[in-house]
$ cat structure30.txt   # compact mmCIF, C-alpha atoms
# COMPACT_ATOMS: atom_id res chain seq x y z
CA MET A 1 45.58 -14.13 40.16
CA GLU A 2 42.72 -14.81 42.57
CA SER A 3 43.57 -11.68 44.52
CA GLU A 4 43.27 -9.59 41.35
CA VAL A 5 39.82 -11.06 40.61
CA ILE A 6 38.74 -10.38 44.18
CA LYS A 7 39.96 -6.78 43.93
CA GLU A 8 38.07 -6.30 40.68
CA LYS A 9 34.87 -7.59 42.26
CA ILE A 10 35.39 -5.32 45.23
CA HIS A 11 35.74 -2.29 42.94
CA THR A 12 32.84 -3.29 40.66
CA GLU A 13 30.18 -4.36 43.12
CA PRO A 14 29.94 -1.01 44.94
CA MET A 15 29.43 0.70 41.58
CA LEU A 16 26.61 -1.68 40.68
CA ASN A 17 24.98 -1.07 44.03
CA ASP A 18 25.44 2.69 43.87
CA PRO A 19 21.99 4.34 43.42
CA ARG A 20 23.57 7.13 41.38
CA TYR A 21 25.00 4.63 38.90
CA ILE A 22 21.66 2.81 38.63
CA THR A 23 19.86 6.12 38.10
CA LEU A 24 22.32 7.19 35.40
CA LEU A 25 21.98 3.85 33.63
CA SER A 26 18.18 4.09 33.77
CA VAL A 27 18.26 7.59 32.30
CA ILE A 28 20.49 6.43 29.43
CA VAL A 29 18.19 3.49 28.64
CA LEU A 30 15.16 5.79 28.80
CA LEU A 31 16.78 8.31 26.45
CA PHE A 32 17.63 5.62 23.91
CA THR A 33 14.07 4.30 24.12
CA LEU A 34 12.61 7.77 23.57
CA VAL A 35 14.91 8.43 20.61
CA PHE A 36 13.92 5.17 18.93
CA TRP A 37 10.22 5.77 19.65
CA TRP A 38 10.44 9.31 18.24
CA PHE A 39 12.23 8.11 15.11
CA PHE A 40 9.77 5.34 14.28
CA SER A 41 6.67 7.32 15.23
CA ARG A 42 7.88 10.21 13.07
CA ARG A 43 8.34 7.86 10.12
CA ARG A 44 4.78 6.61 10.59
CA GLN A 45 3.39 10.13 10.90
CA VAL A 46 5.14 11.34 7.76
CA ARG A 47 3.30 8.86 5.53
CA LYS A 48 -0.23 10.05 6.20
CA SER A 49 -1.23 11.36 2.77
CA VAL A 50 -3.75 9.88 0.36
CA LEU A 51 -2.75 11.24 -3.04
CA LEU A 52 -5.47 11.82 -5.64
CA MET A 53 -3.72 11.53 -8.99
CA GLY A 54 -4.67 11.23 -12.65
CA LEU A 55 -5.02 13.24 -15.83
CA SER A 56 -6.75 16.61 -15.94
CA ASP A 57 -10.56 16.49 -16.09
CA SER A 58 -10.75 13.01 -14.59
CA GLY A 59 -12.70 14.41 -11.63
CA LYS A 60 -9.99 14.41 -8.95
CA THR A 61 -10.84 17.81 -7.48
CA LEU A 62 -14.55 17.08 -7.19
CA LEU A 63 -13.71 13.78 -5.49
CA PHE A 64 -11.49 15.77 -3.14
CA VAL A 65 -14.38 18.14 -2.37
CA ARG A 66 -16.75 15.21 -1.82
CA LEU A 67 -14.33 13.55 0.59
CA ALA A 68 -13.28 16.68 2.45
CA TYR A 69 -16.57 18.60 2.61
CA SER A 70 -19.28 16.07 1.67
CA GLN A 71 -20.81 18.42 -0.88
CA TYR A 72 -20.86 19.37 -4.54
CA ARG A 73 -18.91 22.39 -5.77
CA GLN A 74 -18.12 23.71 -9.19
CA THR A 75 -14.46 22.89 -9.79
CA PHE A 76 -11.81 24.01 -12.25
CA THR A 77 -8.52 22.60 -13.48
CA SER A 78 -6.12 22.62 -10.53
CA MET A 79 -2.85 24.52 -10.88
CA LYS A 80 -1.68 23.63 -7.39
CA GLU A 81 -2.36 20.96 -4.81
CA ASN A 82 -5.42 20.93 -2.56
CA VAL A 83 -4.90 19.54 0.94
CA GLU A 84 -7.41 18.75 3.66
CA GLU A 85 -7.50 16.56 6.75
CA TYR A 86 -9.58 13.40 6.56
CA LEU A 87 -10.58 11.38 9.61
CA THR A 88 -11.31 7.67 9.51
CA SER A 89 -12.42 5.49 12.40
CA ASN A 90 -8.82 4.67 13.29
CA ASP A 91 -6.58 7.30 11.72
CA ALA A 92 -6.12 10.95 10.81
CA LEU A 93 -5.05 11.30 7.18
CA LYS A 94 -4.52 14.04 4.64
CA ILE A 95 -6.27 14.01 1.29
CA VAL A 96 -4.01 15.63 -1.31
CA ASP A 97 -5.40 16.48 -4.74
CA LEU A 98 -2.48 16.82 -7.17
CA PRO A 99 -2.71 18.72 -10.48
CA GLY A 100 -3.08 16.49 -13.52
CA GLN A 101 -1.63 18.81 -16.13
CA GLU A 102 1.36 17.23 -17.84
CA ARG A 103 3.73 20.10 -17.09
CA LEU A 104 2.81 20.10 -13.38
CA ARG A 105 1.97 16.56 -12.32
CA ASN A 106 5.50 15.13 -12.11
CA LYS A 107 6.69 18.09 -10.05
CA PHE A 108 3.94 17.63 -7.45
CA PHE A 109 4.32 13.85 -7.45
CA GLU A 110 8.00 14.27 -6.58
CA GLN A 111 7.02 16.64 -3.79
CA TYR A 112 4.45 14.37 -2.16
CA LYS A 113 5.37 10.78 -2.99
CA ASN A 114 7.46 10.27 0.16
CA SER A 115 4.48 11.17 2.34
CA ALA A 116 2.03 8.90 0.50
CA LYS A 117 0.29 6.28 2.59
CA SER A 118 -1.68 5.38 -0.52
CA ILE A 119 -2.44 6.60 -4.03
CA VAL A 120 -5.83 6.91 -5.70
CA TYR A 121 -5.40 7.01 -9.46
CA VAL A 122 -8.53 8.58 -10.93
CA VAL A 123 -9.58 7.59 -14.45
CA ASP A 124 -12.24 9.22 -16.62
CA SER A 125 -14.38 6.20 -17.53
CA VAL A 126 -15.94 8.02 -20.49
CA THR A 127 -12.77 9.09 -22.32
CA ILE A 128 -10.53 6.18 -21.29
CA GLN A 129 -10.27 4.65 -24.76
CA LYS A 130 -9.34 7.96 -26.34
CA GLU A 131 -6.79 8.78 -23.64
CA ILE A 132 -5.56 5.26 -22.92
CA ARG A 133 -1.93 5.95 -23.85
CA ASP A 134 -1.59 9.00 -21.59
CA VAL A 135 -3.49 7.31 -18.76
CA ALA A 136 -1.32 4.18 -18.96
CA GLU A 137 1.97 6.08 -19.22
CA TYR A 138 1.22 8.20 -16.16
CA LEU A 139 0.13 5.14 -14.19
CA TYR A 140 3.29 3.33 -15.32
CA THR A 141 5.38 6.26 -14.04
CA ILE A 142 3.70 6.03 -10.64
CA LEU A 143 3.89 2.25 -10.29
CA SER A 144 7.53 2.06 -11.39
CA ASP A 145 8.67 4.87 -9.11
CA PRO A 146 11.38 3.65 -6.69
CA VAL A 147 9.71 5.28 -3.67
CA VAL A 148 6.32 3.73 -4.45
CA GLN A 149 7.97 0.34 -4.90
CA SER A 150 10.16 0.57 -1.79
CA TYR A 151 7.16 1.38 0.43
CA SER A 152 4.85 -0.99 -1.51
CA THR A 153 2.39 1.90 -1.56
CA PRO A 154 -1.15 0.60 -2.14
CA VAL A 155 -2.87 1.98 -5.24
CA LEU A 156 -6.57 2.25 -6.03
CA ILE A 157 -7.50 2.74 -9.68
CA LEU A 158 -10.77 4.63 -9.40
CA CYS A 159 -12.97 4.53 -12.50
CA ASN A 160 -14.82 7.81 -12.14
CA LYS A 161 -17.89 9.27 -13.87
CA GLN A 162 -19.79 6.00 -13.79
CA ASP A 163 -23.05 7.95 -13.88
CA GLN A 164 -22.38 8.83 -17.54
CA PRO A 165 -24.08 6.63 -20.20
CA LEU A 166 -20.86 5.98 -22.15
CA ALA A 167 -18.74 5.10 -19.12
CA LYS A 168 -16.70 1.89 -19.30
CA GLY A 169 -16.90 -0.51 -16.36
CA ALA A 170 -14.04 -1.20 -13.98
CA GLN A 171 -13.13 -4.61 -15.39
CA VAL A 172 -13.05 -3.28 -18.96
CA ILE A 173 -10.79 -0.42 -17.87
CA LYS A 174 -8.55 -2.81 -15.95
CA SER A 175 -8.11 -4.93 -19.07
CA LEU A 176 -7.43 -1.87 -21.24
CA LEU A 177 -4.81 -0.56 -18.81
CA GLU A 178 -3.01 -3.88 -18.47
CA LYS A 179 -2.74 -4.25 -22.24
CA GLU A 180 -1.53 -0.68 -22.71
CA ILE A 181 0.95 -0.81 -19.82
CA ASN A 182 2.34 -3.96 -21.42
CA LEU A 183 3.11 -1.87 -24.53
CA VAL A 184 4.40 1.07 -22.49
CA ARG A 185 6.73 -1.26 -20.63
CA VAL A 186 8.29 -2.45 -23.89
CA THR A 187 8.70 1.13 -25.12
CA LYS A 188 10.25 2.36 -21.87
CA SER A 189 12.66 -0.58 -21.72
CA SER A 190 13.76 0.05 -25.32
CA GLN A 191 14.25 3.76 -24.66
CA LEU A 192 16.31 3.06 -21.56
CA GLN A 193 18.49 0.54 -23.37
CA SER A 194 19.10 2.89 -26.30
CA VAL A 195 20.21 5.68 -23.96
CA ASP A 196 22.31 3.55 -21.60
CA PRO A 197 22.42 -0.23 -22.15
CA SER A 198 24.00 -0.79 -18.74
CA GLN A 199 20.95 0.66 -17.00
CA SER A 200 18.45 -1.74 -18.56
CA ASN A 201 19.59 -4.53 -16.28
CA ASN A 202 19.68 -2.33 -13.18
CA SER A 203 16.27 -0.71 -13.56
CA THR A 204 13.25 -2.22 -11.84
CA TYR A 205 11.13 -4.21 -14.25
CA LEU A 206 7.42 -3.60 -13.77
CA GLY A 207 5.68 -6.96 -13.52
CA LYS A 208 7.07 -10.39 -14.35
CA ILE A 209 9.72 -10.86 -17.01
CA GLY A 210 8.49 -12.93 -19.93
CA LYS A 211 4.81 -12.50 -19.06
CA ASP A 212 2.18 -10.02 -20.18
CA PHE A 213 1.64 -7.30 -17.62
CA GLU A 214 -0.95 -7.81 -14.89
CA PHE A 215 -1.55 -5.69 -11.81
CA SER A 216 -1.51 -8.88 -9.73
CA HIS A 217 2.19 -9.32 -10.58
CA LEU A 218 3.19 -6.21 -8.63
CA SER A 219 4.54 -6.25 -5.09
CA ASN A 220 2.26 -3.44 -3.97
CA ARG A 221 -1.49 -3.91 -3.71
CA VAL A 222 -3.38 -2.52 -6.72
CA GLU A 223 -7.17 -2.56 -6.65
CA ILE A 224 -9.86 -1.16 -8.92
CA ALA A 225 -13.20 0.42 -8.08
CA GLU A 226 -15.92 2.63 -9.52
CA SER A 227 -17.24 6.04 -8.50
CA SER A 228 -19.38 8.91 -9.69
CA ALA A 229 -18.73 12.33 -8.22
CA ASN A 230 -19.15 14.58 -11.25
CA THR A 231 -22.75 15.64 -10.74
CA GLY A 232 -24.60 18.24 -8.75
CA ASP A 233 -27.98 16.73 -9.52
CA ASP A 234 -29.86 15.50 -6.46
CA ASP A 235 -31.69 12.95 -8.63
CA THR A 236 -28.38 11.21 -9.36
CA PRO A 237 -26.40 11.49 -6.12
CA ALA A 238 -22.66 10.94 -5.96
CA ASP A 239 -21.40 7.45 -5.25
CA ILE A 240 -17.97 7.40 -3.62
CA LYS A 241 -18.61 4.69 -1.05
CA SER A 242 -16.07 2.32 -2.60
CA LEU A 243 -13.43 5.04 -2.28
CA GLN A 244 -14.37 5.85 1.31
CA ASP A 245 -14.36 2.16 2.26
CA TRP A 246 -10.94 1.65 0.68
CA ILE A 247 -9.44 4.61 2.53
CA SER A 248 -10.93 3.48 5.84
CA LYS A 249 -9.10 0.14 5.53
CA LEU A 250 -5.65 1.67 5.08
$ encode --input "structure30.txt" --output "structure tokens"
Amino acid sequence: MESEVIKEKIHTEPMLNDPRYITLLSVIVLLFTLVFWWFFSRRRQVRKSVLLMGLSDSGKTLLFVRLAYSQYRQTFTSMKENVEEYLTSNDALKIVDLPGQERLRNKFFEQYKNSAKSIVYVVDSVTIQKEIRDVAEYLYTILSDPVVQSYSTPVLILCNKQDQPLAKGAQVIKSLLEKEINLVRVTKSSQLQSVDPSQSNNSTYLGKIGKDFEFSHLSNRVEIAESSANTGDDDTPADIKSLQDWISKL
């Protein structure tokens, strides 16, 4: 038995001391390291987009122009996405302005949601009460999306057009949205149960069961801020600092 062990050592030790074997082993380890580094770095690079989302006429495209080009331009309802690079002090991102039209927005959201590092949901602070149902339903769709939830994608609710006299403040809009999403949540749950009762237990519930909806109940970070980009008047300059600061902290 001892002789067999000795023979095995004799055969093994030269291999371990063979420079060719050591070189081959080093190459294999290096290759595995490079593959893992490439895989994880690629995953990080893919999620570099800041999505500007919201209903049509909320001011998304002008915000995009302000961020990308630091100037005012006459804008029109977007029928396709606008994409531009955006540099922060520590990262290179892409600002993506997605169309807000009902027949287009879900298509583009599906296309870009996997690349989203964050989402800016733009709200028209002047018409929010009139459009509250549509605004809340679209926001509910975004927040309850499996990809958004799996990545815990941070969301900024940006209350735009604050330079207008009839604009609602951020805290008022936050309260309006929470109340309306609470109603939307009930409606969506009922619809799902009526179509397929078995799915109601499997679907992700937005917020805490048994409690009125609050953004603070969500796993992903949801913040609210104000902005005014919808003016070309030099006497009332645009104010998007809160948006720029939020993006710079991503």
$ closest_residue --input "structure30.txt" --among "A:Leu139, A:Lys161, A:Ile95, A:Gly100" --to "A:Ala238" --atoms "only C-alpha atoms"
A:Lys161
$ residues_around --input "structure30.txt" --residues "stretch 82-89 of chain A" --least-positions-apart "6" --cutoff "7 Å" --atoms "all atoms listed in the file" --output "list in words"
Ala68, Ile95, Val96, Asp97, Leu98 and Ser248 of chain A
$ residues_around --input "structure30.txt" --residues "A:Val135" --least-positions-apart "5" --cutoff "10 Å" --atoms "all atoms listed in the file" --output "PyMOL selection string"
chain A and resi 54-55+121-124+128-130+140+177+180-181
$ residues_around --input "structure30.txt" --residues "A:Phe76" --least-positions-apart "6" --cutoff "10 Å" --atoms "all atoms listed in the file" --output "ChimeraX atom specification"
/A:56-57,59,61-62
$ write_last_selection --input "structure30.txt" --atoms "C-alpha atoms" --output "mmCIF file, in the frame of the given file"
data_model
loop_
_atom_site.group_PDB
_atom_site.id
_atom_site.type_symbol
_atom_site.label_atom_id
_atom_site.label_comp_id
_atom_site.auth_asym_id
_atom_site.auth_seq_id
_atom_site.Cartn_x
_atom_site.Cartn_y
_atom_site.Cartn_z
ATOM 1 C CA SER A 56 -6.750 16.610 -15.940
ATOM 2 C CA ASP A 57 -10.560 16.490 -16.090
ATOM 3 C CA GLY A 59 -12.700 14.410 -11.630
ATOM 4 C CA THR A 61 -10.840 17.810 -7.480
ATOM 5 C CA LEU A 62 -14.550 17.080 -7.190
#
$ atom_distance --input "structure30.txt" --atom1 "atom CA of A:Ile224" --atom2 "atom CA of A:Ser118"
13.4 Å
$ closest_residue --input "structure30.txt" --among "A:Arg66, A:His217, A:Arg133, A:Arg73" --to "A:Leu176" --atoms "all atoms listed in the file"
A:Arg133
$ axis_aligned_box --input "structure30.txt" --around "stretch 105-124 of chain A" --padding-each-side "3 Å" --output "JSON"
{"center_x": -2.1, "center_y": 11.7, "center_z": -7.0, "size_x": 26.2, "size_y": 18.7, "size_z": 25.2}
$ atom_distance --input "structure30.txt" --atom1 "atom CA of A:Thr77" --atom2 "atom CA of A:Pro99"
7.6 Å
$ residues_around --input "structure30.txt" --residues "A:Val172" --least-positions-apart "6" --cutoff "12 Å" --atoms "only C-alpha atoms" --output "PDB file with C-alpha atoms, in the frame of the given file"
ATOM      1  CA  SER A 125     -14.380   6.200 -17.530  1.00  0.00           C
ATOM      2  CA  VAL A 126     -15.940   8.020 -20.490  1.00  0.00           C
ATOM      3  CA  ILE A 128     -10.530   6.180 -21.290  1.00  0.00           C
ATOM      4  CA  GLN A 129     -10.270   4.650 -24.760  1.00  0.00           C
ATOM      5  CA  CYS A 159     -12.970   4.530 -12.500  1.00  0.00           C
ATOM      6  CA  GLU A 178      -3.010  -3.880 -18.470  1.00  0.00           C
ATOM      7  CA  LYS A 179      -2.740  -4.250 -22.240  1.00  0.00           C
ATOM      8  CA  ILE A 224      -9.860  -1.160  -8.920  1.00  0.00           C
ATOM      9  CA  ALA A 225     -13.200   0.420  -8.080  1.00  0.00           C
ATOM     10  CA  GLU A 226     -15.920   2.630  -9.520  1.00  0.00           C
TER      11      GLU A 226
END
$ atom_distance --input "structure30.txt" --atom1 "atom CA of A:Ala92" --atom2 "atom CA of A:Val155"
18.7 Å
$ closest_residue --input "structure30.txt" --among "A:Glu223, A:Glu137, A:Glu131, A:Asp245" --to "A:Ile157" --atoms "only C-alpha atoms"
A:Glu223
